[in-house]
Structures are given as structure tokens and as C-alpha cells.
>>> print(open('model-v8.tsv').read())   # TSV, C-alpha atoms
chain	number	residue	atom	x	y	z
A	1	MET	CA	7.58	8.50	-14.65
A	2	ASN	CA	4.90	10.12	-16.81
A	3	GLU	CA	3.63	13.69	-16.47
A	4	LYS	CA	0.15	12.82	-15.24
A	5	ARG	CA	-0.98	14.56	-12.08
A	6	TYR	CA	-2.04	12.03	-9.47
A	7	ARG	CA	-4.37	12.77	-6.58
A	8	ALA	CA	-3.44	10.25	-3.89
A	9	VAL	CA	-0.44	8.35	-2.55
A	10	LEU	CA	-0.65	4.88	-0.97
A	11	PHE	CA	2.28	3.90	1.22
A	12	ASP	CA	3.46	0.45	2.18
A	13	LEU	CA	4.78	0.26	5.75
A	14	GLY	CA	7.41	-2.42	6.44
A	15	GLY	CA	10.62	-1.62	4.59
A	16	THR	CA	9.07	1.53	3.17
A	17	LEU	CA	7.60	4.16	5.48
A	18	ARG	CA	8.90	2.24	8.50
A	19	ILE	CA	12.05	0.17	8.80
A	20	ALA	CA	13.13	-2.34	11.44
A	21	LEU	CA	16.46	-1.77	13.15
A	22	GLU	CA	18.33	-4.71	14.61
A	23	ASP	CA	18.46	-3.96	18.33
A	24	GLU	CA	19.17	-7.20	20.18
A	25	PRO	CA	18.37	-5.98	23.74
A	26	TYR	CA	15.06	-4.58	22.48
A	27	MET	CA	14.26	-7.75	20.54
A	28	ARG	CA	15.25	-9.96	23.48
A	29	HIS	CA	12.94	-7.99	25.77
A	30	ALA	CA	10.08	-8.56	23.32
A	31	ARG	CA	10.71	-12.32	23.29
A	32	ARG	CA	10.69	-12.38	27.08
A	33	LYS	CA	7.49	-10.33	27.22
A	34	MET	CA	5.78	-12.73	24.80
A	35	THR	CA	6.68	-15.65	27.05
A	36	GLU	CA	5.30	-13.87	30.12
A	37	LEU	CA	2.08	-12.86	28.39
A	38	ALA	CA	1.36	-16.41	27.29
A	39	GLY	CA	2.24	-17.90	30.66
A	40	ALA	CA	4.50	-20.32	28.82
A	41	PRO	CA	6.17	-23.10	30.86
A	42	LEU	CA	9.18	-22.91	28.52
A	43	GLN	CA	12.43	-21.00	28.46
A	44	VAL	CA	12.18	-17.76	26.52
A	45	GLU	CA	14.11	-18.92	23.46
A	46	ASP	CA	12.34	-22.28	23.39
A	47	PHE	CA	8.95	-20.59	23.47
A	48	TYR	CA	9.99	-18.14	20.78
A	49	GLN	CA	11.15	-20.99	18.54
A	50	LEU	CA	7.82	-22.75	19.07
A	51	VAL	CA	5.99	-19.63	17.89
A	52	GLU	CA	8.35	-19.25	14.93
A	53	ASP	CA	7.81	-22.84	13.81
A	54	ARG	CA	4.05	-22.50	13.99
A	55	TYR	CA	4.15	-19.12	12.29
A	56	GLU	CA	5.65	-20.78	9.22
A	57	SER	CA	2.51	-22.90	8.83
A	58	TYR	CA	0.37	-19.83	9.28
A	59	ARG	CA	2.43	-17.87	6.76
A	60	ARG	CA	2.04	-20.58	4.11
A	61	TRP	CA	-1.73	-20.37	4.55
A	62	ALA	CA	-1.74	-16.57	4.49
A	63	LEU	CA	0.39	-16.32	1.36
A	64	GLY	CA	-1.49	-19.08	-0.41
A	65	GLU	CA	-4.91	-17.58	0.29
A	66	ASN	CA	-3.98	-13.87	0.21
A	67	LYS	CA	-5.61	-13.59	3.62
A	68	GLU	CA	-4.56	-12.43	7.07
A	69	ALA	CA	-5.84	-13.47	10.47
A	70	GLY	CA	-6.79	-10.98	13.14
A	71	ASP	CA	-4.99	-11.14	16.46
A	72	ARG	CA	-7.38	-13.53	18.19
A	73	GLU	CA	-7.49	-16.01	15.33
A	74	LEU	CA	-3.73	-15.80	14.83
A	75	TRP	CA	-2.86	-16.71	18.40
A	76	CYS	CA	-5.79	-18.94	19.38
A	77	ARG	CA	-6.03	-20.93	16.15
A	78	TRP	CA	-2.56	-20.90	14.67
A	79	LEU	CA	0.17	-20.10	17.16
A	80	LEU	CA	-0.97	-21.12	20.65
A	81	PRO	CA	-4.01	-23.39	20.27
A	82	ASP	CA	-2.78	-25.63	23.11
A	83	TYR	CA	-2.50	-22.78	25.62
A	84	ASP	CA	-5.17	-21.34	27.94
A	85	GLN	CA	-7.54	-19.90	25.33
A	86	LYS	CA	-9.19	-17.42	27.66
A	87	ARG	CA	-5.83	-15.99	28.61
A	88	ILE	CA	-4.53	-15.92	25.05
A	89	ALA	CA	-7.67	-14.18	23.80
A	90	GLN	CA	-7.19	-11.49	26.45
A	91	VAL	CA	-3.55	-10.81	25.55
A	92	CYS	CA	-3.64	-11.51	21.79
A	93	HIS	CA	-3.16	-7.84	20.80
A	94	GLU	CA	-0.14	-7.53	23.09
A	95	LEU	CA	1.29	-10.79	21.79
A	96	SER	CA	1.08	-9.52	18.22
A	97	PHE	CA	2.79	-6.29	19.19
A	98	GLU	CA	5.64	-8.02	21.02
A	99	TYR	CA	6.07	-10.57	18.24
A	100	ARG	CA	6.57	-7.74	15.76
A	101	GLN	CA	9.05	-6.06	18.10
A	102	SER	CA	10.98	-9.32	18.35
A	103	LYS	CA	11.90	-8.75	14.69
A	104	GLY	CA	13.38	-5.30	15.27
A	105	ARG	CA	12.78	-1.82	16.61
A	106	ARG	CA	10.62	0.02	14.10
A	107	VAL	CA	11.28	3.65	13.21
A	108	VAL	CA	10.06	6.01	10.51
A	109	VAL	CA	12.42	6.00	7.55
A	110	ASP	CA	14.73	9.01	7.22
A	111	GLY	CA	12.74	11.91	5.83
A	112	GLY	CA	9.47	9.98	6.03
A	113	ALA	CA	7.55	12.26	8.39
A	114	GLU	CA	8.54	15.39	6.48
A	115	VAL	CA	7.53	13.82	3.17
A	116	ILE	CA	4.13	12.92	4.60
A	117	ARG	CA	3.53	16.44	5.87
A	118	THR	CA	4.70	18.04	2.64
A	119	LEU	CA	2.60	15.83	0.37
A	120	HIS	CA	-0.43	16.59	2.53
A	121	GLU	CA	0.29	20.32	2.19
A	122	ARG	CA	0.64	19.86	-1.56
A	123	GLY	CA	-2.93	18.59	-1.75
A	124	TYR	CA	-2.49	14.83	-1.99
A	125	LYS	CA	-4.77	12.40	-0.20
A	126	LEU	CA	-2.65	9.89	1.69
A	127	GLY	CA	-3.26	6.28	2.59
A	128	ILE	CA	-1.51	3.22	3.95
A	129	VAL	CA	-1.90	-0.27	2.48
A	130	SER	CA	0.12	-2.82	4.39
A	131	ASN	CA	0.45	-6.54	5.01
A	132	LEU	CA	1.23	-7.10	8.67
A	133	THR	CA	0.21	-8.97	11.78
A	134	GLY	CA	-1.26	-6.97	14.64
A	135	GLU	CA	-4.38	-4.83	14.75
A	136	HIS	CA	-3.36	-2.04	17.15
A	137	GLU	CA	0.33	-1.27	16.58
A	138	VAL	CA	-0.08	0.95	13.53
A	139	PRO	CA	-3.02	3.08	14.77
A	140	ASP	CA	-1.18	3.57	18.08
A	141	TRP	CA	2.06	4.53	16.29
A	142	LEU	CA	0.28	7.04	14.03
A	143	GLU	CA	-1.26	8.72	17.07
A	144	GLU	CA	2.00	8.73	19.04
A	145	ASP	CA	3.98	10.22	16.13
A	146	ARG	CA	1.15	12.68	15.36
A	147	LEU	CA	0.85	11.39	11.81
A	148	ALA	CA	-2.74	10.14	12.01
A	149	PRO	CA	-4.32	13.42	10.78
A	150	TYR	CA	-2.44	13.15	7.47
A	151	PHE	CA	-3.96	9.81	6.45
A	152	ASP	CA	-7.50	9.47	5.13
A	153	SER	CA	-7.20	5.69	4.79
A	154	VAL	CA	-5.25	3.06	6.73
A	155	VAL	CA	-5.89	-0.44	5.37
A	156	LEU	CA	-4.12	-3.21	7.26
A	157	SER	CA	-4.30	-6.85	6.25
A	158	SER	CA	-4.73	-7.87	9.89
A	159	VAL	CA	-7.90	-5.77	10.09
A	160	CYS	CA	-9.49	-6.30	6.66
A	161	HIS	CA	-8.20	-9.92	6.48
A	162	LEU	CA	-6.98	-9.48	2.89
A	163	ARG	CA	-3.37	-9.30	1.71
A	164	LYS	CA	-1.38	-7.88	-1.14
A	165	PRO	CA	-0.85	-8.83	-3.94
A	166	GLY	CA	-4.62	-9.33	-4.01
A	167	ALA	CA	-6.31	-6.36	-5.66
A	168	GLU	CA	-9.20	-5.89	-3.22
A	169	ILE	CA	-7.07	-4.38	-0.46
A	170	TYR	CA	-6.22	-1.53	-2.85
A	171	HIS	CA	-9.87	-1.07	-3.77
A	172	ILE	CA	-10.74	-0.64	-0.09
A	173	ALA	CA	-8.18	2.15	0.21
A	174	ALA	CA	-9.40	3.89	-2.96
A	175	ARG	CA	-13.00	3.83	-1.73
A	176	GLU	CA	-11.97	5.32	1.60
A	177	LEU	CA	-9.95	8.02	-0.16
A	178	GLY	CA	-12.70	8.74	-2.67
A	179	VAL	CA	-10.38	8.50	-5.68
A	180	ASP	CA	-9.94	6.16	-8.62
A	181	LEU	CA	-7.00	3.79	-8.40
A	182	ALA	CA	-5.78	5.16	-11.72
A	183	ASP	CA	-5.24	8.46	-9.89
A	184	CYS	CA	-3.16	6.82	-7.13
A	185	VAL	CA	0.58	6.40	-6.67
A	186	SER	CA	1.86	3.33	-4.81
A	187	VAL	CA	5.11	3.65	-2.85
A	188	ALA	CA	6.50	0.29	-1.74
A	189	ASP	CA	9.69	-1.75	-1.51
A	190	ASN	CA	8.77	-5.28	-2.59
A	191	ILE	CA	9.04	-5.83	-6.34
A	192	LYS	CA	7.47	-9.30	-6.41
A	193	ARG	CA	4.55	-8.56	-4.09
A	194	ASP	CA	3.75	-4.89	-4.53
A	195	ILE	CA	4.13	-4.27	-8.25
A	196	PRO	CA	1.95	-7.11	-9.67
A	197	GLY	CA	-0.76	-6.50	-7.08
A	198	ALA	CA	-0.86	-2.75	-7.62
A	199	LYS	CA	-0.86	-3.12	-11.40
A	200	ALA	CA	-3.66	-5.69	-11.28
A	201	ALA	CA	-5.68	-3.34	-9.09
A	202	GLY	CA	-5.24	-0.50	-11.58
A	203	ILE	CA	-2.84	1.74	-9.64
A	204	GLY	CA	-1.76	4.56	-11.92
A	205	CYS	CA	1.89	4.81	-10.89
A	206	ASN	CA	4.22	2.48	-9.00
A	207	ILE	CA	7.30	3.77	-7.22
A	208	ILE	CA	9.79	1.38	-5.64
A	209	PHE	CA	11.90	2.50	-2.70
A	210	ARG	CA	15.33	0.89	-2.39
A	211	SER	CA	14.79	0.14	1.27
A	212	PRO	CA	17.76	0.17	3.66
A	213	GLU	CA	16.32	-3.14	4.94
A	214	LYS	CA	17.13	-4.77	1.60
A	215	LYS	CA	20.62	-6.22	1.23
A	216	HIS	CA	20.52	-6.61	-2.54
A	217	PRO	CA	19.91	-4.42	-5.63
A	218	VAL	CA	16.38	-3.91	-6.91
A	219	GLU	CA	15.99	-6.12	-9.98
A	220	PHE	CA	12.81	-6.41	-11.99
A	221	THR	CA	11.26	-8.01	-15.06
A	222	GLU	CA	8.83	-6.44	-17.50
A	223	GLU	CA	5.95	-7.65	-15.31
A	224	THR	CA	7.39	-6.11	-12.17
A	225	ARG	CA	8.88	-2.96	-13.70
A	226	PRO	CA	8.05	0.14	-11.61
A	227	ASP	CA	7.47	3.61	-13.03
A	228	ALA	CA	10.25	5.03	-10.87
A	229	VAL	CA	12.83	3.91	-8.32
A	230	ILE	CA	13.99	6.10	-5.43
A	231	ASP	CA	16.95	5.70	-3.08
A	232	THR	CA	15.82	8.15	-0.40
A	233	PHE	CA	12.33	9.09	0.73
A	234	PRO	CA	12.65	12.84	0.03
A	235	GLU	CA	13.05	12.02	-3.67
A	236	LEU	CA	9.28	11.53	-3.70
A	237	LEU	CA	8.90	15.28	-3.45
A	238	GLU	CA	10.74	15.65	-6.76
A	239	LEU	CA	8.29	13.25	-8.43
A	240	LEU	CA	5.05	14.57	-6.90
A	241	PRO	CA	4.65	18.32	-7.45
A	242	PRO	CA	2.07	20.46	-5.64
A	243	LEU	CA	-1.55	20.02	-6.71
A	244	LYS	CA	-2.68	23.33	-5.25
>>> encode(input="model-v8.tsv", output="C-alpha cells")
Amino acid sequence: MNEKRYRAVLFDLGGTLRIALEDEPYMRHARRKMTELAGAPLQVEDFYQLVEDRYESYRRWALGENKEAGDRELWCRWLLPDYDQKRIAQVCHELSFEYRQSKGRRVVVDGGAEVIRTLHERGYKLGIVSNLTGEHEVPDWLEEDRLAPYFDSVVLSSVCHLRKPGAEIYHIAARELGVDLADCVSVADNIKRDIPGAKAAGIGCNIIFRSPEKKHPVEFTEETRPDAVIDTFPELLELLPPLK
């Protein structure tokens, strides 16, 4: 990593600042809640499989277009178009939340909260740039964990309808932070998605976190080579000295 002083840090969420823990009772409860919210006439696991099958079609579209649907479009157009549309529109935010919980119980990565607070104290502007379904989960989590005051920008694909690796989602964050992308550090876990997108956008420094969610070593090519790789979140504090 070079000696340049950067002014802002952009964090990915899934697999980076937050990780999903496999908690089968928790995940099973989420699947059951989804079924109840939709008023599905199916058994819980059958309904969940229906959603999963349809989500694959949605995901192919999202990845191919570098776009993301908001909650209402996701559930009314893609996942449950044959269900009571008035009902689904009313519960779409809850459905997105429970669908995400069906994949695991999300917690802040070890050391994550302290790193956020320390970087803020050191004078960095902080932002989040994340691909995810669901419009309300992240703002609610930031408030509940009292982390919202530390972030000057939270750009979610489900809200802006753009995805990484497209460059525009990074430009939105930079505008909200009031900094040039060349003065930003990206912290993420996905070599194939995060590095090319951030480089194309003009991010000044790319740090890859060896996420505990990943079951394999981080391997990269020249195109996807990061500026630094960390194994624990507190290592960021060694790479990003105080600005004040």
C-alpha cells in the first residue's frame, strides 16, 4: 500500500463489515415468517423454494444489467407476481428483511464497530457502498447499533437501483462525501466484483478483507490485484493513520 494520505473510506457490507452466521433456528423462523407475510397456501419449505427459484431469474437480470430492484418491484414483479399484489406491496419491506435473515443471522465483524469509531476520530469520512436486497434493513441496523452518526454516505443498490461493479454507485458515494474517488479507500471482500468496479470508478486504494464467510484463499490476477489484504478488521488501523 502506498504512502498517500486518503480522506475517506468506503465499506462493503456483506462479508466485510457484516457477516452472516449460520443459525438454523433463526433462519427457519425467517422462512416461516416470509410464508405468513405472503399468505402463501404452501408449506414453509415449499414456499421458500418457490422464492429461491424465482430469485435466480431475478439475480440473472440484476447481474446482467448491474441494476437492483427496490422492495416493491422485487416482490411484485419478480418473486410473487401471482400473489395478492395489494398485500405483497404492503409487506414487501418485511419480506425483503426476512428473506435476508433466511440466509443467516447478520452481525458486525469482530472489531468492526471499534474500527469505525476510530477511523471517524482519526478524521476520515466514512461511507457504505453495498449490493443487497432490502431498503430498510441497513438504515435500521445502523440506528440500532448506534453507528449511523459515523457515516456520511450510505449507498445501497436496492435504493439507488445500481449495482457494483458498475462505477456510478461509487460516484454517488463520493458526491455525498464531498471527496474525489482518488482520495477514497475501498474495503471489500469480493475480488471479482469489488476490485474491477472500484478501479474503473477511480478509487485510490483497494483493500481486500479475507472474510470469515469465505471458505477459500483470496486469489487474484493483475486486473483484480488489491493494494492490500487484511485478515482481521483492526488491521485497517495500521494502514490508515490519523489525519488530524
>>> residues_around(input="model-v8.tsv", residues="Tyr26 in chain A", least_positions_apart="3", cutoff="10 Å", atoms="only C-alpha atoms", output="list of chain:residue names")
A:Leu21, A:Glu22, A:Asp23, A:His29, A:Ala30, A:Arg31, A:Gln101, A:Ser102, A:Lys103, A:Gly104, A:Arg105
>>> residues_around(input="model-v8.tsv", residues="Tyr99 in chain A", least_positions_apart="5", cutoff="10 Å", atoms="all atoms listed in the file", output="PyMOL selection string")
chain A and resi 27+30-31+33-34+48+51-52+93-94+104+133-134
>>> atom_distance(input="model-v8.tsv", atom1="CA of Pro234 in chain A", atom2="CA of Ser153 in chain A")
21.6 Å
>>> residues_around(input="model-v8.tsv", residues="Tyr55 in chain A", least_positions_apart="2", cutoff="12 Å", atoms="all atoms listed in the file", output="list in words")
Tyr48, Gln49, Leu50, Val51, Glu52, Asp53, Ser57, Tyr58, Arg59, Arg60, Trp61, Ala62, Leu63, Ala69, Leu74, Trp75, Arg77, Trp78, Leu79, Leu80, Ser96, Tyr99 and Thr133 of chain A
>>> atom_distance(input="model-v8.tsv", atom1="CA of Pro41 in chain A", atom2="CA of Tyr83 in chain A")
10.1 Å
>>> closest_atom_pairs(input="model-v8.tsv", of="range 146-202 of chain A", to="range 106-116 of chain A", cutoff="9 Å", atoms="only C-alpha atoms", output="CSV")
residue,atom,partner,partner_atom,distance
A:Leu147,CA,A:Ala113,CA,7.6
A:Tyr150,CA,A:Ile116,CA,7.2
A:Phe151,CA,A:Ile116,CA,8.9
>>> write_last_selection(input="model-v8.tsv", atoms="C-alpha atoms", output="PDB file, in the coordinates of the input")
ATOM      1  CA  LEU A 147       0.850  11.390  11.810  1.00  0.00           C
ATOM      2  CA  TYR A 150      -2.440  13.150   7.470  1.00  0.00           C
ATOM      3  CA  PHE A 151      -3.960   9.810   6.450  1.00  0.00           C
TER       4      PHE A 151
END
>>> atom_distance(input="model-v8.tsv", atom1="CA of Tyr6 in chain A", atom2="CA of Asp152 in chain A")
15.8 Å
